[in-house]
$ cat work21.txt   # compact mmCIF, C-alpha atoms
# COMPACT_ATOMS: atom_id res chain seq x y z
CA MET A 180 145.00 -77.41 -32.88
CA SER A 181 146.34 -73.95 -33.12
CA SER A 182 147.49 -73.00 -36.57
CA ALA A 183 151.02 -71.79 -37.32
CA ILE A 184 150.03 -70.56 -40.74
CA PRO A 185 150.86 -66.85 -41.06
CA ALA A 186 148.24 -64.40 -42.11
CA TYR A 187 147.81 -64.08 -45.87
CA ASP A 188 149.84 -61.25 -47.35
CA SER A 189 148.25 -60.16 -50.63
CA SER A 190 151.33 -58.23 -51.69
CA VAL A 191 153.21 -61.52 -52.19
CA ASP A 192 150.96 -62.62 -55.06
CA ALA A 193 149.90 -59.23 -56.27
CA PRO A 194 152.55 -56.58 -55.67
CA VAL A 195 151.19 -53.09 -55.40
CA HIS A 196 153.44 -51.85 -58.24
CA HIS A 197 152.72 -53.04 -61.75
CA HIS A 198 156.30 -53.57 -62.79
CA PRO A 199 157.67 -56.55 -60.91
CA VAL A 200 161.42 -56.52 -60.50
CA TYR A 201 163.01 -59.92 -60.88
CA ASP A 202 166.35 -60.90 -59.53
CA TYR A 203 167.23 -62.46 -62.91
CA ASP A 204 167.23 -61.33 -66.55
CA SER A 205 164.16 -62.69 -68.27
CA GLY A 206 165.67 -62.14 -71.75
CA PRO A 207 167.72 -64.61 -73.81
CA PRO A 208 171.17 -65.47 -72.40
CA VAL A 209 172.87 -63.29 -75.01
CA GLU A 210 172.77 -59.63 -76.03
CA ARG A 211 169.32 -58.84 -77.43
CA GLY A 212 170.78 -57.25 -80.54
CA LYS A 213 172.82 -60.34 -81.30
CA PHE A 214 169.83 -62.61 -80.72
CA ALA A 215 167.80 -60.46 -83.11
CA ILE A 216 170.42 -60.43 -85.86
CA TRP A 217 170.87 -64.21 -85.72
CA LEU A 218 167.09 -64.65 -85.84
CA PHE A 219 167.02 -62.35 -88.87
CA LEU A 220 169.87 -64.28 -90.49
CA GLY A 221 167.89 -67.48 -89.94
CA THR A 222 165.06 -66.02 -92.02
CA GLU A 223 167.60 -64.90 -94.62
CA ILE A 224 168.92 -68.46 -94.87
CA MET A 225 165.40 -69.67 -95.64
CA PHE A 226 164.93 -66.86 -98.17
CA PHE A 227 168.02 -67.83 -100.13
CA ALA A 228 167.16 -71.51 -99.71
CA GLY A 229 163.89 -70.76 -101.51
CA LEU A 230 165.74 -69.05 -104.36
CA ILE A 231 168.37 -71.76 -104.70
CA GLY A 232 165.77 -74.52 -104.34
CA THR A 233 163.71 -73.01 -107.13
CA TYR A 234 166.84 -72.79 -109.29
CA ILE A 235 167.59 -76.48 -108.68
CA VAL A 236 164.04 -77.48 -109.62
CA LEU A 237 164.01 -75.36 -112.77
CA ARG A 238 167.45 -76.48 -113.84
CA SER A 239 166.77 -80.16 -113.17
CA GLY A 240 163.46 -80.00 -114.99
CA SER A 241 164.72 -78.17 -118.06
CA ALA A 242 165.22 -80.10 -121.24
CA SER A 243 168.57 -78.40 -121.68
CA TRP A 244 170.83 -76.12 -119.69
CA PRO A 245 173.79 -74.19 -121.08
CA ASN A 246 177.26 -74.47 -119.58
CA PRO A 247 177.46 -71.36 -117.30
CA GLN A 248 181.15 -71.01 -118.05
CA GLU A 249 180.34 -70.42 -121.71
CA ARG A 250 177.84 -67.66 -120.93
CA LEU A 251 179.33 -65.93 -117.90
CA ALA A 252 182.65 -64.23 -117.19
CA VAL A 253 183.83 -66.66 -114.52
CA ASP A 254 187.34 -65.18 -114.25
CA ILE A 255 186.09 -61.68 -113.40
CA THR A 256 183.56 -63.05 -110.93
CA ALA A 257 186.17 -65.29 -109.32
CA PHE A 258 188.26 -62.17 -108.76
CA ASN A 259 185.18 -60.48 -107.33
CA THR A 260 184.74 -63.43 -104.97
CA PHE A 261 188.29 -62.92 -103.72
CA VAL A 262 187.44 -59.25 -103.14
CA LEU A 263 184.39 -60.13 -101.03
CA ILE A 264 186.29 -62.72 -98.99
CA THR A 265 189.06 -60.18 -98.44
CA SER A 266 186.52 -57.58 -97.28
CA SER A 267 185.13 -60.15 -94.83
CA TRP A 268 188.63 -60.68 -93.42
CA MET A 269 189.09 -56.89 -93.13
CA MET A 270 185.83 -56.71 -91.16
CA VAL A 271 187.26 -59.21 -88.69
CA LYS A 272 190.38 -57.05 -88.38
CA SER A 273 188.19 -54.03 -87.64
CA LEU A 274 186.39 -55.94 -84.88
CA PHE A 275 189.67 -57.13 -83.40
CA ALA A 276 190.93 -53.52 -83.41
CA ALA A 277 187.71 -52.40 -81.69
CA ALA A 278 188.17 -55.06 -79.00
CA LYS A 279 191.71 -53.79 -78.36
CA GLY A 280 190.59 -50.16 -78.21
CA ASP A 281 192.55 -49.32 -81.37
CA GLN A 282 190.24 -46.57 -82.65
CA GLY A 283 192.35 -45.74 -85.72
CA GLY A 284 192.74 -49.38 -86.74
CA MET A 285 189.01 -50.01 -86.35
CA VAL A 286 188.14 -47.08 -88.62
CA ARG A 287 190.79 -47.91 -91.23
CA TRP A 288 189.82 -51.59 -91.52
CA LEU A 289 186.14 -50.67 -91.62
CA LEU A 290 186.79 -48.19 -94.40
CA ALA A 291 188.73 -50.85 -96.32
CA THR A 292 185.79 -53.24 -95.88
CA ILE A 293 183.40 -50.65 -97.30
CA LEU A 294 185.69 -50.05 -100.27
CA GLY A 295 185.85 -53.81 -100.89
CA GLY A 296 182.07 -54.10 -100.80
CA SER A 297 181.63 -51.10 -103.08
CA PHE A 298 184.15 -52.56 -105.52
CA PHE A 299 182.17 -55.82 -105.56
CA VAL A 300 178.96 -53.94 -106.39
CA GLY A 301 180.79 -51.95 -109.09
CA ILE A 302 182.07 -55.11 -110.77
CA GLN A 303 178.60 -56.68 -110.62
CA VAL A 304 177.03 -53.59 -112.22
CA TYR A 305 179.72 -53.72 -114.92
CA GLU A 306 178.97 -57.41 -115.49
CA TYR A 307 175.23 -56.70 -115.81
CA LEU A 308 175.81 -53.84 -118.27
CA GLU A 309 178.06 -56.01 -120.43
CA LEU A 310 175.49 -58.81 -120.41
CA PHE A 311 172.71 -56.36 -121.32
CA LYS A 312 174.80 -55.13 -124.23
CA HIS A 313 175.06 -58.72 -125.47
CA GLY A 314 171.28 -59.07 -125.23
CA ALA A 315 171.35 -61.30 -122.16
CA LEU A 316 168.16 -59.99 -120.59
CA PRO A 317 166.08 -61.76 -117.92
CA ASN A 318 163.31 -62.54 -120.42
CA VAL A 319 165.57 -64.29 -122.95
CA ASP A 320 165.43 -67.71 -121.30
CA ILE A 321 165.19 -69.43 -117.94
CA PHE A 322 168.96 -69.44 -117.48
CA TRP A 323 169.09 -65.67 -117.44
CA SER A 324 165.92 -65.20 -115.37
CA THR A 325 167.29 -67.43 -112.59
CA PHE A 326 170.73 -65.85 -112.91
CA TYR A 327 169.42 -62.31 -112.43
CA ALA A 328 167.01 -63.35 -109.67
CA MET A 329 169.72 -64.92 -107.53
CA THR A 330 172.64 -62.57 -108.18
CA GLY A 331 170.33 -59.54 -108.16
CA PHE A 332 168.89 -60.30 -104.72
CA HIS A 333 172.38 -60.97 -103.42
CA GLY A 334 173.58 -57.69 -104.94
CA LEU A 335 170.80 -55.86 -103.08
CA HIS A 336 172.01 -57.47 -99.86
CA VAL A 337 175.56 -56.27 -100.59
CA ILE A 338 174.27 -52.72 -101.15
CA VAL A 339 172.33 -52.84 -97.86
CA GLY A 340 175.45 -54.21 -96.17
CA VAL A 341 177.61 -51.38 -97.51
CA ILE A 342 175.08 -48.79 -96.29
CA TRP A 343 175.00 -50.47 -92.87
CA LEU A 344 178.81 -50.47 -92.73
CA ILE A 345 178.88 -46.76 -93.64
CA CYS A 346 176.51 -46.07 -90.72
CA ALA A 347 178.83 -48.12 -88.47
CA LEU A 348 181.80 -46.14 -89.78
CA VAL A 349 180.11 -42.86 -88.85
CA SER A 350 179.46 -44.23 -85.34
CA ALA A 351 183.07 -45.44 -85.10
CA MET A 352 184.41 -42.02 -86.12
CA ARG A 353 182.23 -40.42 -83.45
CA GLY A 354 183.82 -42.69 -80.88
CA LYS A 355 180.66 -44.61 -80.06
CA PHE A 356 182.43 -47.99 -80.04
CA THR A 357 184.60 -48.77 -77.04
CA PRO A 358 186.44 -51.98 -76.06
CA ASN A 359 183.57 -52.65 -73.66
CA ASN A 360 180.78 -51.90 -76.10
CA TYR A 361 181.08 -52.38 -79.84
CA LEU A 362 177.97 -54.49 -80.37
CA GLY A 363 176.75 -52.20 -83.17
CA LEU A 364 179.91 -52.92 -85.14
CA GLU A 365 179.64 -56.63 -84.42
CA LEU A 366 176.05 -56.78 -85.72
CA ALA A 367 177.01 -55.01 -88.96
CA GLY A 368 179.92 -57.45 -89.27
CA LEU A 369 177.66 -60.47 -88.79
CA TYR A 370 175.43 -59.30 -91.62
CA TRP A 371 178.46 -58.63 -93.82
CA HIS A 372 179.93 -62.09 -93.23
CA PHE A 373 176.56 -63.63 -94.01
CA VAL A 374 176.47 -61.79 -97.34
CA ASP A 375 179.94 -63.20 -98.02
CA LEU A 376 178.84 -66.71 -97.03
CA VAL A 377 175.84 -66.61 -99.36
CA TRP A 378 178.02 -65.44 -102.23
CA VAL A 379 180.42 -68.34 -101.71
CA LEU A 380 177.48 -70.71 -102.31
CA LEU A 381 175.92 -68.68 -105.14
CA PHE A 382 179.22 -68.37 -107.00
CA THR A 383 179.58 -72.14 -106.96
CA ILE A 384 175.98 -72.88 -107.94
CA VAL A 385 175.46 -70.17 -110.55
CA TYR A 386 178.91 -69.80 -112.14
CA LEU A 387 180.67 -73.13 -111.77
CA PHE A 388 177.96 -75.83 -111.80
CA MET B 260 182.04 -59.20 -76.47
CA SER B 261 184.84 -61.16 -78.01
CA GLU B 262 185.88 -63.03 -74.90
CA GLY B 263 187.16 -66.46 -75.76
CA LYS B 264 186.99 -65.82 -79.51
CA HIS B 265 190.64 -66.53 -80.14
CA PHE B 266 191.49 -67.55 -83.67
CA ASN B 267 193.92 -66.43 -86.31
CA PRO B 268 191.94 -64.52 -88.98
CA GLU B 269 194.88 -64.62 -91.41
CA LYS B 270 194.91 -68.39 -91.25
CA ILE B 271 191.18 -68.61 -92.05
CA PHE B 272 191.58 -66.02 -94.83
CA PHE B 273 194.44 -68.04 -96.35
CA TRP B 274 192.36 -71.22 -96.44
CA LEU B 275 189.34 -69.39 -97.91
CA PHE B 276 191.59 -67.88 -100.57
CA LEU B 277 193.19 -71.24 -101.38
CA PHE B 278 189.88 -73.14 -101.50
CA THR B 279 188.37 -70.51 -103.82
CA ALA B 280 191.34 -70.80 -106.20
CA LEU B 281 191.12 -74.61 -106.11
CA GLU B 282 187.36 -74.45 -106.65
CA VAL B 283 187.69 -72.30 -109.77
CA LEU B 284 190.43 -74.60 -111.05
CA TRP B 285 188.21 -77.62 -110.35
CA GLY B 286 185.35 -75.97 -112.24
CA TYR B 287 187.49 -75.36 -115.31
CA ALA B 288 189.28 -78.72 -115.10
CA PHE B 289 186.19 -80.91 -114.87
CA GLY B 290 183.64 -78.59 -116.47
CA VAL B 291 185.53 -77.35 -119.53
CA TRP B 292 188.80 -79.19 -120.16
CA PHE B 293 187.94 -82.77 -119.07
CA HIS B 294 184.53 -84.34 -118.71
CA PRO B 295 184.67 -87.13 -116.12
CA GLY B 296 180.99 -86.65 -115.31
CA ARG B 297 178.76 -84.44 -113.22
CA VAL B 298 179.33 -86.39 -110.02
CA VAL B 299 183.03 -85.50 -110.00
CA LEU B 300 182.40 -81.86 -111.02
CA TRP B 301 179.49 -81.17 -108.70
CA GLY B 302 180.83 -83.30 -105.82
CA GLY B 303 184.10 -81.34 -105.69
CA LEU B 304 182.41 -77.97 -106.08
CA ILE B 305 179.88 -78.68 -103.33
CA MET B 306 182.67 -79.85 -101.03
CA PHE B 307 184.70 -76.67 -101.53
CA ALA B 308 181.66 -74.40 -101.16
CA VAL B 309 180.38 -76.08 -98.00
CA VAL B 310 183.83 -76.10 -96.35
CA LYS B 311 184.24 -72.37 -97.09
CA ALA B 312 180.73 -71.53 -95.88
CA VAL B 313 181.30 -73.45 -92.63
CA MET B 314 184.66 -71.70 -92.07
CA ILE B 315 183.07 -68.26 -92.55
CA ALA B 316 180.20 -69.09 -90.19
CA GLN B 317 182.32 -70.78 -87.54
CA TYR B 318 185.15 -68.27 -87.33
CA PHE B 319 184.32 -64.97 -89.04
CA MET B 320 180.75 -65.01 -87.68
CA HIS B 321 181.95 -66.46 -84.35
CA PHE B 322 179.26 -69.14 -84.50
CA LYS B 323 181.69 -71.63 -82.97
CA PHE B 324 181.99 -69.43 -79.89
CA GLU B 325 178.30 -68.63 -79.43
CA GLY B 326 176.10 -70.03 -76.70
CA TRP B 327 173.39 -72.64 -77.00
CA ILE B 328 170.59 -70.20 -77.81
CA ILE B 329 172.22 -68.92 -81.02
CA LYS B 330 173.08 -72.47 -82.04
CA ALA B 331 169.49 -73.52 -81.35
CA LEU B 332 168.35 -70.76 -83.71
CA ILE B 333 170.61 -71.67 -86.62
CA VAL B 334 171.30 -75.41 -86.45
CA PRO B 335 167.73 -76.39 -87.54
CA THR B 336 167.92 -74.27 -90.71
CA PRO B 337 170.01 -76.70 -92.83
CA PHE B 338 167.45 -79.40 -92.04
CA LEU B 339 164.61 -77.04 -93.01
CA VAL B 340 166.44 -76.25 -96.25
CA ALA B 341 166.81 -79.97 -96.96
CA TYR B 342 163.09 -80.39 -96.21
CA ILE B 343 162.19 -77.65 -98.70
CA LEU B 344 164.31 -79.31 -101.39
CA VAL B 345 162.70 -82.69 -100.74
CA MET B 346 159.20 -81.22 -100.83
CA ILE B 347 159.70 -79.44 -104.14
CA SER B 348 161.52 -82.33 -105.79
CA PRO B 349 158.26 -83.93 -107.09
CA ASP B 350 158.01 -80.93 -109.44
CA VAL B 351 161.12 -82.29 -111.11
CA SER B 352 160.29 -85.97 -111.02
CA ARG B 353 156.81 -85.40 -112.51
CA ASN B 354 158.08 -83.06 -115.19
CA ASP B 355 157.03 -85.56 -117.89
CA LEU B 356 153.40 -84.98 -116.94
CA LEU B 357 153.56 -81.30 -117.81
CA ILE B 358 152.26 -80.17 -121.18
CA GLU B 359 155.53 -78.38 -121.78
CA PRO B 360 158.67 -79.23 -119.76
CA ILE B 361 160.14 -76.64 -117.42
CA GLY B 362 162.32 -74.20 -119.30
CA SER B 363 160.34 -74.35 -122.53
CA MET B 364 160.05 -71.02 -124.28
CA TYR B 365 157.60 -69.75 -126.86
CA ASP B 366 159.55 -68.63 -129.88
CA ASP B 367 158.03 -65.44 -131.29
CA GLU B 368 159.47 -65.87 -134.74
CA ASP B 369 158.65 -69.53 -135.33
CA GLY B 370 155.39 -69.51 -133.40
CA VAL B 371 156.20 -72.76 -131.61
CA VAL B 372 157.29 -73.76 -128.13
CA LYS B 373 160.86 -74.98 -127.99
CA GLU B 374 162.26 -77.15 -125.21
CA ASP B 375 165.94 -76.62 -125.96
CA MET B 376 167.27 -73.14 -125.21
CA ALA B 377 169.86 -73.52 -127.95
CA ASP B 378 167.03 -73.78 -130.54
CA LEU B 379 165.53 -70.41 -129.66
CA SER B 380 165.78 -67.90 -132.45
CA HIS B 381 165.50 -65.22 -129.77
CA SER B 382 169.07 -65.98 -128.78
CA ILE B 383 171.65 -63.70 -127.20
CA GLU B 384 173.37 -62.99 -130.50
CA HIS B 385 170.04 -62.22 -132.13
CA ALA B 386 169.07 -59.80 -129.39
CA SER B 387 172.44 -58.08 -129.52
CA GLY B 388 171.91 -57.48 -133.22
CA GLU B 389 168.65 -55.70 -132.47
CA GLY B 390 170.10 -53.75 -129.56
CA GLY B 391 173.17 -52.75 -131.48
CA GLY B 392 175.52 -53.69 -128.62
CA HIS B 393 178.14 -55.84 -130.32

$ encode --input "work21.txt" --output "structure tokens"
Amino acid sequence: MSSAIPAYDSSVDAPVHHHPVYDYDSGPPVERGKFAIWLFLGTEIMFFAGLIGTYIVLRSGSASWPNPQERLAVDITAFNTFVLITSSWMMVKSLFAAAKGDQGGMVRWLLATILGGSFFVGIQVYEYLELFKHGALPNVDIFWSTFYAMTGFHGLHVIVGVIWLICALVSAMRGKFTPNNYLGLELAGLYWHFVDLVWVLLFTIVYLF
Amino acid sequence: MSEGKHFNPEKIFFWLFLFTALEVLWGYAFGVWFHPGRVVLWGGLIMFAVVKAVMIAQYFMHFKFEGWIIKALIVPTPFLVAYILVMISPDVSRNDLLIEPIGSMYDDEDGVVKEDMADLSHSIEHASGEGGGH
């Protein structure tokens, strides 16, 4: 019986070029930058979960635990929480302005977000200095060591966030973000909102519990 | 980039603001002024904090509008967090087997280990006297 099988074409299985071109995108079905930042935020969630989990174990296992509201300035920190939430809202406004092509609005709201974040850091530094003056150092007892560990690491995240937002502001002022491409601003915003989200939980656990 | 992400940021901001104010009020009301028990205090605080965190993630971080791959990345994390807490909980439940309970501090002046922080002679007031702060 005569065969209808065509002659073997080696180029089908082994193309001569070493960079095969597919007719589909082999990456994740989302912008790579966004995928990366969410992956990073996932690791950050686990990092803070470790800190908070350790705090819960130490607090539950301690023979005694002072009332945080008698040791900490809750009113000032509550105000600081409002500041951070407000800065998060201003970040959203900046993104909305970027989506509309409102260059001036994007820059103004981003600047306001940076000022809010800087104010938060300033208040936290002031709080630390006042506590130090009262002798509340990390080595005094386990309350203070856990307090400084959690709020300190969060404070570092806020500082990194502010630096990132400043970099985004420079890019915005140079006109690098357009209504069709403002992913860099969106990634900075995601990180900033995450910092806000973590603070909402830390404020409750550290200051109010 | 923001296609389909239609929500009113002022509305979300208002609720976050209101819940934070209520949370602080709840903390003072049931932590300082009245003492109905930890379940009431902690239950309310956890509720406020979780609702606010979910609102920030869902709307400000656009998680609600993301595709399946981002959700697949993040949704398992609360379960992993719960797993961590469950796995480290024996450290609390077996605290009585430790030579000194968690949180015990060696008191330099008395030369003994004290379990209650309030008994430490190396207290905040004491340290401030040495530091000359207040």

$ residues_around --input "work21.txt" --residues "Phe322 of chain B" --least-positions-apart "2" --cutoff "12 Å" --atoms "all atoms listed in the file" --output "list in words"
Lys213, Trp217, Leu369, His372 and Phe373 of chain A; Ser261, Lys264, Ala312, Val313, Met314, Ile315, Ala316, Gln317, Tyr318, Phe319, Met320, Phe324, Glu325, Gly326, Trp327, Ile328, Ile329, Lys330, Ala331, Leu332, Ile333 and Val334 of chain B

$ write_last_selection --input "work21.txt" --atoms "C-alpha atoms" --output "PDB file, in the coordinates of the input"
ATOM      1  CA  LYS A 213     172.820 -60.340 -81.300  1.00  0.00           C
ATOM      2  CA  TRP A 217     170.870 -64.210 -85.720  1.00  0.00           C
ATOM      3  CA  LEU A 369     177.660 -60.470 -88.790  1.00  0.00           C
ATOM      4  CA  HIS A 372     179.930 -62.090 -93.230  1.00  0.00           C
ATOM      5  CA  PHE A 373     176.560 -63.630 -94.010  1.00  0.00           C
TER       6      PHE A 373
ATOM      7  CA  SER B 261     184.840 -61.160 -78.010  1.00  0.00           C
ATOM      8  CA  LYS B 264     186.990 -65.820 -79.510  1.00  0.00           C
ATOM      9  CA  ALA B 312     180.730 -71.530 -95.880  1.00  0.00           C
ATOM     10  CA  VAL B 313     181.300 -73.450 -92.630  1.00  0.00           C
ATOM     11  CA  MET B 314     184.660 -71.700 -92.070  1.00  0.00           C
ATOM     12  CA  ILE B 315     183.070 -68.260 -92.550  1.00  0.00           C
ATOM     13  CA  ALA B 316     180.200 -69.090 -90.190  1.00  0.00           C
ATOM     14  CA  GLN B 317     182.320 -70.780 -87.540  1.00  0.00           C
ATOM     15  CA  TYR B 318     185.150 -68.270 -87.330  1.00  0.00           C
ATOM     16  CA  PHE B 319     184.320 -64.970 -89.040  1.00  0.00           C
ATOM     17  CA  MET B 320     180.750 -65.010 -87.680  1.00  0.00           C
ATOM     18  CA  PHE B 324     181.990 -69.430 -79.890  1.00  0.00           C
ATOM     19  CA  GLU B 325     178.300 -68.630 -79.430  1.00  0.00           C
ATOM     20  CA  GLY B 326     176.100 -70.030 -76.700  1.00  0.00           C
ATOM     21  CA  TRP B 327     173.390 -72.640 -77.000  1.00  0.00           C
ATOM     22  CA  ILE B 328     170.590 -70.200 -77.810  1.00  0.00           C
ATOM     23  CA  ILE B 329     172.220 -68.920 -81.020  1.00  0.00           C
ATOM     24  CA  LYS B 330     173.080 -72.470 -82.040  1.00  0.00           C
ATOM     25  CA  ALA B 331     169.490 -73.520 -81.350  1.00  0.00           C
ATOM     26  CA  LEU B 332     168.350 -70.760 -83.710  1.00  0.00           C
ATOM     27  CA  ILE B 333     170.610 -71.670 -86.620  1.00  0.00           C
ATOM     28  CA  VAL B 334     171.300 -75.410 -86.450  1.00  0.00           C
TER      29      VAL B 334
END

$ closest_residue --input "work21.txt" --among "A:Met225, A:Val337, A:Val253, A:Ala276" --to "Tyr386 of chain A" --atoms "all atoms listed in the file"
A:Val253

$ atom_distance --input "work21.txt" --atom1 "atom CA of Pro295 of chain B" --atom2 "atom CA of Asn246 of chain A"
15.1 Å

$ interface_residues --input "work21.txt" --of "chain A" --to "chain B" --cutoff "8 Å" --atoms "all atoms listed in the file" --output "VMD selection string"
chain A and resid 207 to 209 214 217 to 218 221 224 to 225 228 to 229 232 236 to 245 248 257 261 264 to 265 267 to 268 271 to 272 278 312 to 315 319 to 321 359 to 362 368 to 369 372 to 373 376 to 377 379 to 380 383 387 to 388

$ atom_distance --input "work21.txt" --atom1 "atom CA of Asn259 of chain A" --atom2 "atom CA of Gly296 of chain B"
27.7 Å

$ atom_distance --input "work21.txt" --atom1 "atom CA of Tyr234 of chain A" --atom2 "atom CA of Asp367 of chain B"
24.8 Å

$ closest_residue --input "work21.txt" --among "A:Phe275, A:Phe298, A:Phe382, A:Gly363" --to "Phe266 of chain B" --atoms "all atoms listed in the file"
A:Phe275

$ decode --input "work21.txt" --residues "segment 350-375 of chain B" --atoms "C-alpha atoms" --output "mmCIF file, in the first residue's frame"
data_model
loop_
_atom_site.group_PDB
_atom_site.id
_atom_site.type_symbol
_atom_site.label_atom_id
_atom_site.label_comp_id
_atom_site.auth_asym_id
_atom_site.auth_seq_id
_atom_site.Cartn_x
_atom_site.Cartn_y
_atom_site.Cartn_z
ATOM 1 C CA ASP B 350 4.436 27.220 72.680
ATOM 2 C CA VAL B 351 1.671 28.968 74.580
ATOM 3 C CA SER B 352 -0.244 25.930 75.766
ATOM 4 C CA ARG B 353 2.919 24.251 77.120
ATOM 5 C CA ASN B 354 4.164 27.397 78.802
ATOM 6 C CA ASP B 355 3.786 25.730 82.225
ATOM 7 C CA LEU B 356 6.555 23.305 81.288
ATOM 8 C CA LEU B 357 9.097 26.075 80.862
ATOM 9 C CA ILE B 358 11.492 26.795 83.706
ATOM 10 C CA GLU B 359 10.502 30.430 83.542
ATOM 11 C CA PRO B 360 7.283 31.551 81.795
ATOM 12 C CA ILE B 361 7.494 33.663 78.658
ATOM 13 C CA GLY B 362 7.986 37.306 79.514
ATOM 14 C CA SER B 363 9.966 36.673 82.683
ATOM 15 C CA MET B 364 12.780 39.125 83.233
ATOM 16 C CA TYR B 365 15.912 38.930 85.326
ATOM 17 C CA ASP B 366 15.920 41.841 87.719
ATOM 18 C CA ASP B 367 19.446 43.243 88.032
ATOM 19 C CA GLU B 368 18.849 44.896 91.367
ATOM 20 C CA ASP B 369 17.092 42.059 93.185
ATOM 21 C CA GLY B 370 19.012 39.269 91.490
ATOM 22 C CA VAL B 371 15.873 37.224 90.873
ATOM 23 C CA VAL B 372 13.695 36.408 87.885
ATOM 24 C CA LYS B 373 10.311 38.083 88.013
ATOM 25 C CA GLU B 374 7.277 36.903 86.072
ATOM 26 C CA ASP B 375 5.186 40.036 86.445
#
